[in-house]
file data.cif (mmCIF, N, CA and C atoms)
data_coords
loop_
_atom_site.label_atom_id
_atom_site.label_comp_id
_atom_site.auth_asym_id
_atom_site.auth_seq_id
_atom_site.Cartn_x
_atom_site.Cartn_y
_atom_site.Cartn_z
N MET A 1292 11.64 -11.40 -19.45
CA MET A 1292 10.88 -11.24 -18.22
C MET A 1292 11.54 -12.06 -17.12
N PRO A 1293 11.92 -11.42 -16.02
CA PRO A 1293 12.56 -12.15 -14.92
C PRO A 1293 11.62 -13.19 -14.33
N LYS A 1294 12.23 -14.27 -13.91
CA LYS A 1294 11.47 -15.38 -13.33
C LYS A 1294 10.66 -14.93 -12.11
N ASP A 1295 11.26 -14.08 -11.27
CA ASP A 1295 10.60 -13.61 -10.06
C ASP A 1295 9.36 -12.78 -10.38
N TYR A 1296 9.41 -12.02 -11.47
CA TYR A 1296 8.27 -11.19 -11.87
C TYR A 1296 7.06 -12.04 -12.21
N SER A 1297 7.26 -13.11 -12.96
CA SER A 1297 6.12 -13.96 -13.31
C SER A 1297 5.58 -14.67 -12.07
N ARG A 1298 6.43 -14.98 -11.11
CA ARG A 1298 5.98 -15.59 -9.86
C ARG A 1298 5.08 -14.60 -9.11
N THR A 1299 5.46 -13.34 -9.10
CA THR A 1299 4.65 -12.31 -8.44
C THR A 1299 3.27 -12.22 -9.08
N LEU A 1300 3.22 -12.28 -10.40
CA LEU A 1300 1.93 -12.23 -11.09
C LEU A 1300 1.09 -13.46 -10.79
N ARG A 1301 1.72 -14.63 -10.74
CA ARG A 1301 0.97 -15.86 -10.41
C ARG A 1301 0.41 -15.81 -9.00
N ILE A 1302 1.20 -15.30 -8.07
CA ILE A 1302 0.74 -15.18 -6.68
C ILE A 1302 -0.42 -14.19 -6.60
N ALA A 1303 -0.31 -13.07 -7.29
CA ALA A 1303 -1.39 -12.07 -7.30
C ALA A 1303 -2.67 -12.67 -7.86
N ASP A 1304 -2.54 -13.44 -8.94
CA ASP A 1304 -3.71 -14.07 -9.55
C ASP A 1304 -4.34 -15.08 -8.59
N GLN A 1305 -3.51 -15.85 -7.92
CA GLN A 1305 -4.02 -16.85 -6.98
C GLN A 1305 -4.70 -16.16 -5.78
N ILE A 1306 -4.11 -15.10 -5.28
CA ILE A 1306 -4.71 -14.35 -4.17
C ILE A 1306 -6.06 -13.79 -4.60
N GLN A 1307 -6.14 -13.26 -5.82
CA GLN A 1307 -7.41 -12.71 -6.31
C GLN A 1307 -8.48 -13.78 -6.36
N ARG A 1308 -8.17 -14.94 -6.90
CA ARG A 1308 -9.16 -16.03 -6.98
C ARG A 1308 -9.61 -16.49 -5.60
N GLU A 1309 -8.66 -16.69 -4.71
CA GLU A 1309 -9.00 -17.19 -3.37
C GLU A 1309 -9.78 -16.15 -2.57
N LEU A 1310 -9.39 -14.88 -2.65
CA LEU A 1310 -10.12 -13.84 -1.93
C LEU A 1310 -11.55 -13.70 -2.46
N ALA A 1311 -11.72 -13.78 -3.76
CA ALA A 1311 -13.07 -13.69 -4.33
C ALA A 1311 -13.95 -14.80 -3.75
N ASP A 1312 -13.40 -16.00 -3.66
CA ASP A 1312 -14.15 -17.12 -3.10
C ASP A 1312 -14.42 -16.90 -1.61
N LEU A 1313 -13.41 -16.47 -0.87
CA LEU A 1313 -13.59 -16.24 0.57
C LEU A 1313 -14.63 -15.16 0.85
N ILE A 1314 -14.55 -14.06 0.11
CA ILE A 1314 -15.49 -12.95 0.34
C ILE A 1314 -16.91 -13.40 0.00
N HIS A 1315 -17.05 -14.15 -1.07
CA HIS A 1315 -18.38 -14.59 -1.49
C HIS A 1315 -18.96 -15.66 -0.56
N ASN A 1316 -18.13 -16.60 -0.12
CA ASN A 1316 -18.65 -17.76 0.61
C ASN A 1316 -18.41 -17.76 2.12
N GLU A 1317 -17.39 -17.07 2.60
CA GLU A 1317 -17.03 -17.17 4.02
C GLU A 1317 -17.28 -15.90 4.82
N LEU A 1318 -17.21 -14.75 4.18
CA LEU A 1318 -17.31 -13.49 4.90
C LEU A 1318 -18.77 -13.20 5.24
N LYS A 1319 -19.03 -12.99 6.51
CA LYS A 1319 -20.40 -12.78 6.98
C LYS A 1319 -20.71 -11.32 7.30
N ASP A 1320 -19.77 -10.43 7.07
CA ASP A 1320 -19.95 -9.00 7.37
C ASP A 1320 -20.96 -8.41 6.40
N ARG A 1321 -22.07 -7.91 6.91
CA ARG A 1321 -23.14 -7.36 6.07
C ARG A 1321 -22.72 -6.10 5.32
N ARG A 1322 -21.68 -5.43 5.82
CA ARG A 1322 -21.22 -4.21 5.14
C ARG A 1322 -20.60 -4.52 3.78
N VAL A 1323 -20.10 -5.73 3.65
CA VAL A 1323 -19.47 -6.12 2.39
C VAL A 1323 -20.50 -6.85 1.54
N GLY A 1324 -21.03 -6.14 0.57
CA GLY A 1324 -22.05 -6.71 -0.30
C GLY A 1324 -21.41 -7.35 -1.53
N MET A 1325 -22.07 -7.14 -2.64
CA MET A 1325 -21.57 -7.68 -3.91
C MET A 1325 -20.43 -6.80 -4.42
N ILE A 1326 -19.23 -7.33 -4.37
CA ILE A 1326 -18.09 -6.60 -4.90
C ILE A 1326 -17.39 -7.46 -5.94
N THR A 1327 -16.63 -6.81 -6.79
CA THR A 1327 -15.82 -7.50 -7.78
C THR A 1327 -14.37 -7.10 -7.55
N LEU A 1328 -13.51 -8.09 -7.42
CA LEU A 1328 -12.08 -7.81 -7.30
C LEU A 1328 -11.55 -7.59 -8.70
N THR A 1329 -11.04 -6.40 -8.97
CA THR A 1329 -10.59 -6.06 -10.32
C THR A 1329 -9.12 -6.41 -10.55
N SER A 1330 -8.30 -6.31 -9.52
CA SER A 1330 -6.90 -6.70 -9.66
C SER A 1330 -6.23 -6.78 -8.30
N VAL A 1331 -5.06 -7.43 -8.31
CA VAL A 1331 -4.24 -7.54 -7.10
C VAL A 1331 -2.81 -7.23 -7.50
N GLU A 1332 -2.17 -6.39 -6.71
CA GLU A 1332 -0.75 -6.08 -6.91
C GLU A 1332 0.01 -6.52 -5.67
N VAL A 1333 0.99 -7.40 -5.87
CA VAL A 1333 1.80 -7.90 -4.76
C VAL A 1333 3.17 -7.26 -4.84
N SER A 1334 3.68 -6.81 -3.68
CA SER A 1334 5.01 -6.20 -3.66
C SER A 1334 6.08 -7.24 -4.00
N GLN A 1335 7.23 -6.78 -4.43
CA GLN A 1335 8.32 -7.67 -4.83
C GLN A 1335 8.77 -8.61 -3.71
N ASP A 1336 8.67 -8.15 -2.46
CA ASP A 1336 9.09 -8.99 -1.34
C ASP A 1336 7.92 -9.80 -0.75
N TYR A 1337 6.76 -9.72 -1.39
CA TYR A 1337 5.57 -10.49 -1.01
C TYR A 1337 5.00 -10.14 0.37
N THR A 1338 5.35 -8.99 0.90
CA THR A 1338 4.86 -8.63 2.24
C THR A 1338 3.55 -7.85 2.21
N HIS A 1339 3.23 -7.24 1.07
CA HIS A 1339 2.01 -6.44 0.96
C HIS A 1339 1.29 -6.75 -0.34
N ALA A 1340 -0.02 -6.71 -0.27
CA ALA A 1340 -0.85 -6.88 -1.47
C ALA A 1340 -1.93 -5.81 -1.48
N LYS A 1341 -2.02 -5.12 -2.60
CA LYS A 1341 -3.10 -4.15 -2.79
C LYS A 1341 -4.19 -4.86 -3.57
N ILE A 1342 -5.38 -4.91 -3.00
CA ILE A 1342 -6.51 -5.56 -3.64
C ILE A 1342 -7.47 -4.48 -4.10
N PHE A 1343 -7.65 -4.36 -5.41
CA PHE A 1343 -8.53 -3.36 -5.98
C PHE A 1343 -9.90 -4.00 -6.22
N TYR A 1344 -10.93 -3.29 -5.80
CA TYR A 1344 -12.29 -3.82 -5.94
C TYR A 1344 -13.22 -2.73 -6.43
N THR A 1345 -14.36 -3.16 -6.94
CA THR A 1345 -15.39 -2.22 -7.36
C THR A 1345 -16.74 -2.73 -6.88
N SER A 1346 -17.67 -1.81 -6.81
CA SER A 1346 -19.02 -2.13 -6.35
C SER A 1346 -19.96 -1.15 -7.04
N LEU A 1347 -21.17 -1.57 -7.28
CA LEU A 1347 -22.12 -0.68 -7.94
C LEU A 1347 -23.04 0.01 -6.94
N GLY A 1348 -22.64 0.03 -5.68
CA GLY A 1348 -23.44 0.68 -4.65
C GLY A 1348 -23.25 2.18 -4.65
N SER A 1349 -23.98 2.84 -3.76
CA SER A 1349 -23.88 4.29 -3.60
C SER A 1349 -22.57 4.63 -2.92
N GLU A 1350 -22.30 5.92 -2.81
CA GLU A 1350 -21.07 6.36 -2.14
C GLU A 1350 -21.07 5.91 -0.68
N GLU A 1351 -22.23 5.94 -0.03
CA GLU A 1351 -22.33 5.49 1.36
C GLU A 1351 -22.10 3.99 1.45
N ASP A 1352 -22.66 3.22 0.51
CA ASP A 1352 -22.44 1.77 0.48
C ASP A 1352 -20.96 1.46 0.31
N ASN A 1353 -20.30 2.21 -0.58
CA ASN A 1353 -18.87 1.99 -0.82
C ASN A 1353 -18.05 2.29 0.43
N PHE A 1354 -18.45 3.31 1.19
CA PHE A 1354 -17.76 3.63 2.44
C PHE A 1354 -17.91 2.47 3.43
N LEU A 1355 -19.14 1.95 3.55
CA LEU A 1355 -19.37 0.82 4.45
C LEU A 1355 -18.62 -0.43 4.00
N THR A 1356 -18.59 -0.66 2.70
CA THR A 1356 -17.85 -1.80 2.15
C THR A 1356 -16.37 -1.68 2.50
N ASP A 1357 -15.83 -0.47 2.33
CA ASP A 1357 -14.42 -0.23 2.65
C ASP A 1357 -14.14 -0.55 4.11
N LYS A 1358 -15.01 -0.07 4.99
CA LYS A 1358 -14.83 -0.32 6.43
C LYS A 1358 -14.95 -1.82 6.75
N GLY A 1359 -15.90 -2.49 6.08
CA GLY A 1359 -16.07 -3.93 6.29
C GLY A 1359 -14.86 -4.73 5.84
N LEU A 1360 -14.32 -4.37 4.69
CA LEU A 1360 -13.12 -5.06 4.18
C LEU A 1360 -11.92 -4.79 5.07
N GLU A 1361 -11.80 -3.55 5.52
CA GLU A 1361 -10.70 -3.20 6.42
C GLU A 1361 -10.78 -4.03 7.70
N HIS A 1362 -11.99 -4.18 8.22
CA HIS A 1362 -12.22 -4.95 9.44
C HIS A 1362 -11.94 -6.44 9.22
N ALA A 1363 -12.25 -6.94 8.03
CA ALA A 1363 -12.12 -8.36 7.72
C ALA A 1363 -10.73 -8.76 7.21
N ALA A 1364 -9.84 -7.79 7.01
CA ALA A 1364 -8.54 -8.06 6.39
C ALA A 1364 -7.75 -9.14 7.14
N SER A 1365 -7.72 -9.09 8.46
CA SER A 1365 -6.94 -10.09 9.20
C SER A 1365 -7.58 -11.48 9.09
N PHE A 1366 -8.91 -11.55 9.12
CA PHE A 1366 -9.60 -12.83 8.92
C PHE A 1366 -9.29 -13.39 7.54
N LEU A 1367 -9.38 -12.54 6.52
CA LEU A 1367 -9.13 -12.99 5.15
C LEU A 1367 -7.68 -13.44 4.98
N ARG A 1368 -6.76 -12.71 5.59
CA ARG A 1368 -5.34 -13.08 5.52
C ARG A 1368 -5.12 -14.43 6.19
N SER A 1369 -5.76 -14.63 7.31
CA SER A 1369 -5.65 -15.91 8.02
C SER A 1369 -6.19 -17.06 7.16
N GLN A 1370 -7.32 -16.84 6.53
CA GLN A 1370 -7.90 -17.87 5.66
C GLN A 1370 -7.02 -18.13 4.44
N LEU A 1371 -6.42 -17.07 3.91
CA LEU A 1371 -5.50 -17.25 2.78
C LEU A 1371 -4.30 -18.10 3.17
N SER A 1372 -3.84 -17.95 4.41
CA SER A 1372 -2.67 -18.72 4.85
C SER A 1372 -2.96 -20.22 4.82
N HIS A 1373 -4.22 -20.60 5.00
CA HIS A 1373 -4.60 -22.02 4.93
C HIS A 1373 -4.72 -22.51 3.50
N ARG A 1374 -5.01 -21.60 2.58
CA ARG A 1374 -5.26 -21.99 1.18
C ARG A 1374 -4.04 -21.89 0.28
N LEU A 1375 -3.13 -20.99 0.63
CA LEU A 1375 -1.97 -20.76 -0.23
C LEU A 1375 -0.74 -21.47 0.32
N ARG A 1376 0.10 -21.89 -0.56
CA ARG A 1376 1.35 -22.53 -0.14
C ARG A 1376 2.48 -21.50 -0.21
N LEU A 1377 2.41 -20.56 0.72
CA LEU A 1377 3.42 -19.51 0.79
C LEU A 1377 4.00 -19.47 2.20
N ARG A 1378 5.29 -19.15 2.29
CA ARG A 1378 5.89 -18.98 3.61
C ARG A 1378 5.33 -17.74 4.28
N LEU A 1379 5.06 -16.73 3.49
CA LEU A 1379 4.58 -15.46 4.01
C LEU A 1379 3.34 -15.04 3.23
N VAL A 1380 2.25 -14.81 3.94
CA VAL A 1380 1.03 -14.31 3.31
C VAL A 1380 1.05 -12.79 3.48
N PRO A 1381 0.91 -12.04 2.39
CA PRO A 1381 1.05 -10.58 2.47
C PRO A 1381 -0.06 -9.92 3.29
N GLN A 1382 0.27 -8.74 3.83
CA GLN A 1382 -0.72 -7.88 4.46
C GLN A 1382 -1.66 -7.42 3.35
N LEU A 1383 -2.96 -7.36 3.64
CA LEU A 1383 -3.95 -7.00 2.63
C LEU A 1383 -4.40 -5.56 2.80
N GLN A 1384 -4.35 -4.82 1.69
CA GLN A 1384 -4.84 -3.44 1.68
C GLN A 1384 -5.89 -3.36 0.58
N PHE A 1385 -7.13 -3.06 0.96
CA PHE A 1385 -8.22 -2.97 0.00
C PHE A 1385 -8.36 -1.53 -0.50
N ILE A 1386 -8.45 -1.38 -1.82
CA ILE A 1386 -8.54 -0.06 -2.44
C ILE A 1386 -9.70 -0.06 -3.42
N TYR A 1387 -10.58 0.93 -3.26
CA TYR A 1387 -11.72 1.04 -4.17
C TYR A 1387 -11.21 1.46 -5.55
N ASP A 1388 -11.60 0.72 -6.58
CA ASP A 1388 -11.15 0.96 -7.95
C ASP A 1388 -12.19 1.83 -8.66
N GLU A 1389 -11.83 3.08 -8.91
CA GLU A 1389 -12.76 4.02 -9.54
C GLU A 1389 -12.75 3.93 -11.07
N SER A 1390 -11.89 3.11 -11.63
CA SER A 1390 -11.76 3.07 -13.09
C SER A 1390 -13.05 2.60 -13.77
N VAL A 1391 -13.80 1.71 -13.14
CA VAL A 1391 -15.04 1.23 -13.74
C VAL A 1391 -16.06 2.38 -13.81
N GLU A 1392 -16.18 3.13 -12.71
CA GLU A 1392 -17.09 4.28 -12.71
C GLU A 1392 -16.67 5.32 -13.75
N ARG A 1393 -15.37 5.58 -13.83
CA ARG A 1393 -14.87 6.54 -14.84
C ARG A 1393 -15.21 6.05 -16.23
N GLY A 1394 -15.05 4.75 -16.48
CA GLY A 1394 -15.37 4.18 -17.79
C GLY A 1394 -16.84 4.34 -18.13
N ILE A 1395 -17.71 4.12 -17.15
CA ILE A 1395 -19.15 4.28 -17.38
C ILE A 1395 -19.48 5.74 -17.68
N ARG A 1396 -18.88 6.66 -16.91
CA ARG A 1396 -19.14 8.09 -17.15
C ARG A 1396 -18.65 8.51 -18.54
N LEU A 1397 -17.47 8.05 -18.92
CA LEU A 1397 -16.95 8.39 -20.25
C LEU A 1397 -17.84 7.82 -21.35
N SER A 1398 -18.29 6.60 -21.15
CA SER A 1398 -19.17 5.97 -22.13
C SER A 1398 -20.48 6.76 -22.27
N GLN A 1399 -21.02 7.22 -21.15
CA GLN A 1399 -22.24 8.02 -21.19
C GLN A 1399 -22.02 9.34 -21.91
N LEU A 1400 -20.86 9.96 -21.65
CA LEU A 1400 -20.54 11.22 -22.33
C LEU A 1400 -20.40 11.02 -23.84
N ILE A 1401 -19.78 9.93 -24.23
CA ILE A 1401 -19.61 9.63 -25.66
C ILE A 1401 -20.98 9.39 -26.30
N ASP A 1402 -21.82 8.59 -25.62
CA ASP A 1402 -23.17 8.33 -26.14
C ASP A 1402 -23.96 9.63 -26.29
N LYS A 1403 -23.84 10.52 -25.31
CA LYS A 1403 -24.54 11.81 -25.35
C LYS A 1403 -24.04 12.65 -26.52
N ALA A 1404 -22.74 12.68 -26.72
CA ALA A 1404 -22.16 13.46 -27.83
C ALA A 1404 -22.61 12.90 -29.18
N ILE A 1405 -22.64 11.58 -29.31
CA ILE A 1405 -23.09 10.95 -30.56
C ILE A 1405 -24.56 11.28 -30.81
N LYS A 1406 -25.38 11.21 -29.77
CA LYS A 1406 -26.81 11.50 -29.90
C LYS A 1406 -27.02 12.95 -30.33
N GLN A 1407 -26.28 13.86 -29.72
CA GLN A 1407 -26.39 15.27 -30.07
C GLN A 1407 -25.93 15.49 -31.51
N ASP A 1408 -24.89 14.82 -31.92
CA ASP A 1408 -24.37 14.96 -33.28
C ASP A 1408 -25.38 14.44 -34.31
N GLU A 1409 -26.07 13.32 -33.98
CA GLU A 1409 -27.06 12.75 -34.88
C GLU A 1409 -28.25 13.68 -35.07
N HIS A 1410 -28.61 14.41 -34.02
CA HIS A 1410 -29.75 15.33 -34.08
C HIS A 1410 -29.35 16.73 -34.55
N GLY A 1411 -28.08 16.92 -34.81
CA GLY A 1411 -27.61 18.20 -35.28
C GLY A 1411 -27.50 19.24 -34.18
N ASP A 1412 -27.59 18.79 -32.93
CA ASP A 1412 -27.46 19.73 -31.82
C ASP A 1412 -26.00 20.10 -31.63
N PRO A 1413 -25.73 21.34 -31.27
CA PRO A 1413 -24.33 21.70 -30.98
C PRO A 1413 -23.87 21.00 -29.70
N VAL A 1414 -22.62 20.60 -29.66
CA VAL A 1414 -22.08 19.89 -28.51
C VAL A 1414 -21.73 20.79 -27.41
#

call {"tool": "encode", "arguments": {"input": "data.cif", "output": "structure tokens"}}
result
Amino acid sequence: MPKDYSRTLRIADQIQRELADLIHNELKDRRVGMITLTSVEVSQDYTHAKIFYTSLGSEEDNFLTDKGLEHAASFLRSQLSHRLRLRLVPQLQFIYDESVERGIRLSQLIDKAIKQDEHGDPV
């Protein structure tokens, strides 16, 4: 594993921890409710970071959350610059992570199939 690759992962992990704290404690935008940061991907040159998040809100809530995060990106980047010891703080791009919803739907489908199988119902 190249040394630079592990540095990228460490930076992504640190960005995720700091952003979670900033969003929870510093961000006052009402559009951004309870979200969970699922992962962060930092580009090799450290200029961009994709922040994946999930929320258990409705589709409309998720739209508002997306707009709130988009609006707060420069504030969050500025706050990160004070917390991180980096020459360059990456541009932040927030992306809704649908994998949690897909996992829940798959789990429900599996549970339904098992229930039908136990009762002898055709699938």

call {"tool": "residues_around", "arguments": {"input": "data.cif", "residues": "Leu1360 of chain A", "least_positions_apart": "2", "cutoff": "9 Å", "atoms": "only C-alpha atoms", "output": "list in words"}}
result
Asp1320, Arg1322, Val1323, Leu1355, Thr1356, Asp1357, Lys1358, His1362, Ala1363, Ala1364, Leu1367, Gln1384 and Phe1385 of chain A

call {"tool": "write_last_selection", "arguments": {"input": "data.cif", "atoms": "N, CA and C atoms", "output": "tab-separated table (two decimals), in the frame of the given file"}}
result
chain	number	residue	atom	x	y	z
A	1320	ASP	N	-19.77	-10.43	7.07
A	1320	ASP	CA	-19.95	-9.00	7.37
A	1320	ASP	C	-20.96	-8.41	6.40
A	1322	ARG	N	-21.68	-5.43	5.82
A	1322	ARG	CA	-21.22	-4.21	5.14
A	1322	ARG	C	-20.60	-4.52	3.78
A	1323	VAL	N	-20.10	-5.73	3.65
A	1323	VAL	CA	-19.47	-6.12	2.39
A	1323	VAL	C	-20.50	-6.85	1.54
A	1355	LEU	N	-19.14	1.95	3.55
A	1355	LEU	CA	-19.37	0.82	4.45
A	1355	LEU	C	-18.62	-0.43	4.00
A	1356	THR	N	-18.59	-0.66	2.70
A	1356	THR	CA	-17.85	-1.80	2.15
A	1356	THR	C	-16.37	-1.68	2.50
A	1357	ASP	N	-15.83	-0.47	2.33
A	1357	ASP	CA	-14.42	-0.23	2.65
A	1357	ASP	C	-14.14	-0.55	4.11
A	1358	LYS	N	-15.01	-0.07	4.99
A	1358	LYS	CA	-14.83	-0.32	6.43
A	1358	LYS	C	-14.95	-1.82	6.75
A	1362	HIS	N	-11.99	-4.18	8.22
A	1362	HIS	CA	-12.22	-4.95	9.44
A	1362	HIS	C	-11.94	-6.44	9.22
A	1363	ALA	N	-12.25	-6.94	8.03
A	1363	ALA	CA	-12.12	-8.36	7.72
A	1363	ALA	C	-10.73	-8.76	7.21
A	1364	ALA	N	-9.84	-7.79	7.01
A	1364	ALA	CA	-8.54	-8.06	6.39
A	1364	ALA	C	-7.75	-9.14	7.14
A	1367	LEU	N	-9.38	-12.54	6.52
A	1367	LEU	CA	-9.13	-12.99	5.15
A	1367	LEU	C	-7.68	-13.44	4.98
A	1384	GLN	N	-4.35	-4.82	1.69
A	1384	GLN	CA	-4.84	-3.44	1.68
A	1384	GLN	C	-5.89	-3.36	0.58
A	1385	PHE	N	-7.13	-3.06	0.96
A	1385	PHE	CA	-8.22	-2.97	0.00
A	1385	PHE	C	-8.36	-1.53	-0.50

call {"tool": "resolve_selection", "arguments": {"input": "data.cif", "expression": "the PyMOL selection byres ((chain A and resi 1329) around 5)", "output": "PDB file with N, CA and C atoms, in the frame of the given file"}}
result
ATOM      1  N   THR A1327     -16.630  -6.810  -6.790  1.00  0.00           N
ATOM      2  CA  THR A1327     -15.820  -7.500  -7.780  1.00  0.00           C
ATOM      3  C   THR A1327     -14.370  -7.100  -7.550  1.00  0.00           C
ATOM      4  N   LEU A1328     -13.510  -8.090  -7.420  1.00  0.00           N
ATOM      5  CA  LEU A1328     -12.080  -7.810  -7.300  1.00  0.00           C
ATOM      6  C   LEU A1328     -11.550  -7.590  -8.700  1.00  0.00           C
ATOM      7  N   SER A1330      -8.300  -6.310  -9.520  1.00  0.00           N
ATOM      8  CA  SER A1330      -6.900  -6.700  -9.660  1.00  0.00           C
ATOM      9  C   SER A1330      -6.230  -6.780  -8.300  1.00  0.00           C
ATOM     10  N   VAL A1331      -5.060  -7.430  -8.310  1.00  0.00           N
ATOM     11  CA  VAL A1331      -4.240  -7.540  -7.100  1.00  0.00           C
ATOM     12  C   VAL A1331      -2.810  -7.230  -7.500  1.00  0.00           C
ATOM     13  N   PHE A1343      -7.650  -4.360  -5.410  1.00  0.00           N
ATOM     14  CA  PHE A1343      -8.530  -3.360  -5.980  1.00  0.00           C
ATOM     15  C   PHE A1343      -9.900  -4.000  -6.220  1.00  0.00           C
ATOM     16  N   TYR A1344     -10.930  -3.290  -5.800  1.00  0.00           N
ATOM     17  CA  TYR A1344     -12.290  -3.820  -5.940  1.00  0.00           C
ATOM     18  C   TYR A1344     -13.220  -2.730  -6.430  1.00  0.00           C
TER      19      TYR A1344
END

call {"tool": "residues_around", "arguments": {"input": "data.cif", "residues": "His1339 of chain A", "least_positions_apart": "6", "cutoff": "6.5 Å", "atoms": "all atoms listed in the file", "output": "MDAnalysis selection string"}}
result
chainID A and resid 1332:1333 1380:1384

call {"tool": "write_last_selection", "arguments": {"input": "data.cif", "atoms": "N, CA and C atoms", "output": "short mmCIF file (atom, residue, chain, number, x, y, z; two decimals), in the frame of the given file"}}
result
data_model
loop_
_atom_site.label_atom_id
_atom_site.label_comp_id
_atom_site.auth_asym_id
_atom_site.auth_seq_id
_atom_site.Cartn_x
_atom_site.Cartn_y
_atom_site.Cartn_z
N GLU A 1332 -2.17 -6.39 -6.71
CA GLU A 1332 -0.75 -6.08 -6.91
C GLU A 1332 0.01 -6.52 -5.67
N VAL A 1333 0.99 -7.40 -5.87
CA VAL A 1333 1.80 -7.90 -4.76
C VAL A 1333 3.17 -7.26 -4.84
N VAL A 1380 2.25 -14.81 3.94
CA VAL A 1380 1.03 -14.31 3.31
C VAL A 1380 1.05 -12.79 3.48
N PRO A 1381 0.91 -12.04 2.39
CA PRO A 1381 1.05 -10.58 2.47
C PRO A 1381 -0.06 -9.92 3.29
N GLN A 1382 0.27 -8.74 3.83
CA GLN A 1382 -0.72 -7.88 4.46
C GLN A 1382 -1.66 -7.42 3.35
N LEU A 1383 -2.96 -7.36 3.64
CA LEU A 1383 -3.95 -7.00 2.63
C LEU A 1383 -4.40 -5.56 2.80
N GLN A 1384 -4.35 -4.82 1.69
CA GLN A 1384 -4.84 -3.44 1.68
C GLN A 1384 -5.89 -3.36 0.58
#

call {"tool": "atom_distance", "arguments": {"input": "data.cif", "atom1": "atom N of Ser1334 of chain A", "atom2": "atom N of Ser1390 of chain A"}}
result
20.1 Å

call {"tool": "closest_residue", "arguments": {"input": "data.cif", "among": "A:Ser1297, A:Asn1316, A:Thr1345, A:Gln1307", "to": "Arg1393 of chain A", "atoms": "only C-alpha atoms"}}
result
A:Thr1345

call {"tool": "select_by_dssp", "arguments": {"input": "data.cif", "residues": "chain A", "states": "alpha helix (DSSP H)", "output": "ChimeraX atom specification"}}
result
/A:1294-1316,1350-1374,1390-1409

call {"tool": "closest_residue", "arguments": {"input": "data.cif", "among": "A:Asp1352, A:Leu1313, A:Gln1407, A:Leu1300", "to": "Ser1369 of chain A", "atoms": "only C-alpha atoms"}}
result
A:Leu1313

call {"tool": "atom_distance", "arguments": {"input": "data.cif", "atom1": "atom CA of Met1325 of chain A", "atom2": "atom CA of Ser1346 of chain A"}}
result
6.6 Å

call {"tool": "atom_distance", "arguments": {"input": "data.cif", "atom1": "atom CA of Arg1378 of chain A", "atom2": "atom CA of Gly1359 of chain A"}}
result
26.8 Å

call {"tool": "decode", "arguments": {"input": "data.cif", "residues": "segment 1340-1353 of chain A", "atoms": "N, CA and C atoms", "output": "JSON list (two decimals), in the first residue's frame"}}
result
[["chain", "number", "residue", "atom", "x", "y", "z"],
["A", 1340, "ALA", "N", -13.35, 16.73, -1.89],
["A", 1340, "ALA", "CA", -13.81, 15.66, -0.99],
["A", 1340, "ALA", "C", -15.30, 15.43, -1.22],
["A", 1341, "LYS", "N", -15.64, 14.18, -1.43],
["A", 1341, "LYS", "CA", -17.05, 13.80, -1.54],
["A", 1341, "LYS", "C", -17.47, 13.30, -0.17],
["A", 1342, "ILE", "N", -18.49, 13.93, 0.39],
["A", 1342, "ILE", "CA", -18.99, 13.55, 1.70],
["A", 1342, "ILE", "C", -20.34, 12.88, 1.50],
["A", 1343, "PHE", "N", -20.41, 11.59, 1.83],
["A", 1343, "PHE", "CA", -21.64, 10.83, 1.68],
["A", 1343, "PHE", "C", -22.39, 10.85, 3.02],
["A", 1344, "TYR", "N", -23.68, 11.12, 2.93],
["A", 1344, "TYR", "CA", -24.49, 11.20, 4.15],
["A", 1344, "TYR", "C", -25.81, 10.50, 3.94],
["A", 1345, "THR", "N", -26.45, 10.18, 5.04],
["A", 1345, "THR", "CA", -27.79, 9.59, 4.99],
["A", 1345, "THR", "C", -28.67, 10.27, 6.03],
["A", 1346, "SER", "N", -29.95, 10.15, 5.81],
["A", 1346, "SER", "CA", -30.94, 10.75, 6.71],
["A", 1346, "SER", "C", -32.18, 9.88, 6.63],
["A", 1347, "LEU", "N", -32.92, 9.83, 7.71],
["A", 1347, "LEU", "CA", -34.13, 9.02, 7.71],
["A", 1347, "LEU", "C", -35.38, 9.85, 7.43],
["A", 1348, "GLY", "N", -35.19, 11.04, 6.87],
["A", 1348, "GLY", "CA", -36.31, 11.90, 6.56],
["A", 1348, "GLY", "C", -37.00, 11.50, 5.27],
["A", 1349, "SER", "N", -38.06, 12.23, 4.94],
["A", 1349, "SER", "CA", -38.80, 11.99, 3.71],
["A", 1349, "SER", "C", -37.97, 12.49, 2.53],
["A", 1350, "GLU", "N", -38.48, 12.24, 1.33],
["A", 1350, "GLU", "CA", -37.78, 12.70, 0.13],
["A", 1350, "GLU", "C", -37.68, 14.22, 0.12],
["A", 1351, "GLU", "N", -38.72, 14.91, 0.58],
["A", 1351, "GLU", "CA", -38.70, 16.37, 0.65],
["A", 1351, "GLU", "C", -37.68, 16.84, 1.68],
["A", 1352, "ASP", "N", -37.62, 16.16, 2.84],
["A", 1352, "ASP", "CA", -36.63, 16.50, 3.87],
["A", 1352, "ASP", "C", -35.22, 16.33, 3.32],
["A", 1353, "ASN", "N", -35.00, 15.25, 2.57],
["A", 1353, "ASN", "CA", -33.68, 14.99, 2.00],
["A", 1353, "ASN", "C", -33.29, 16.07, 1.00]]
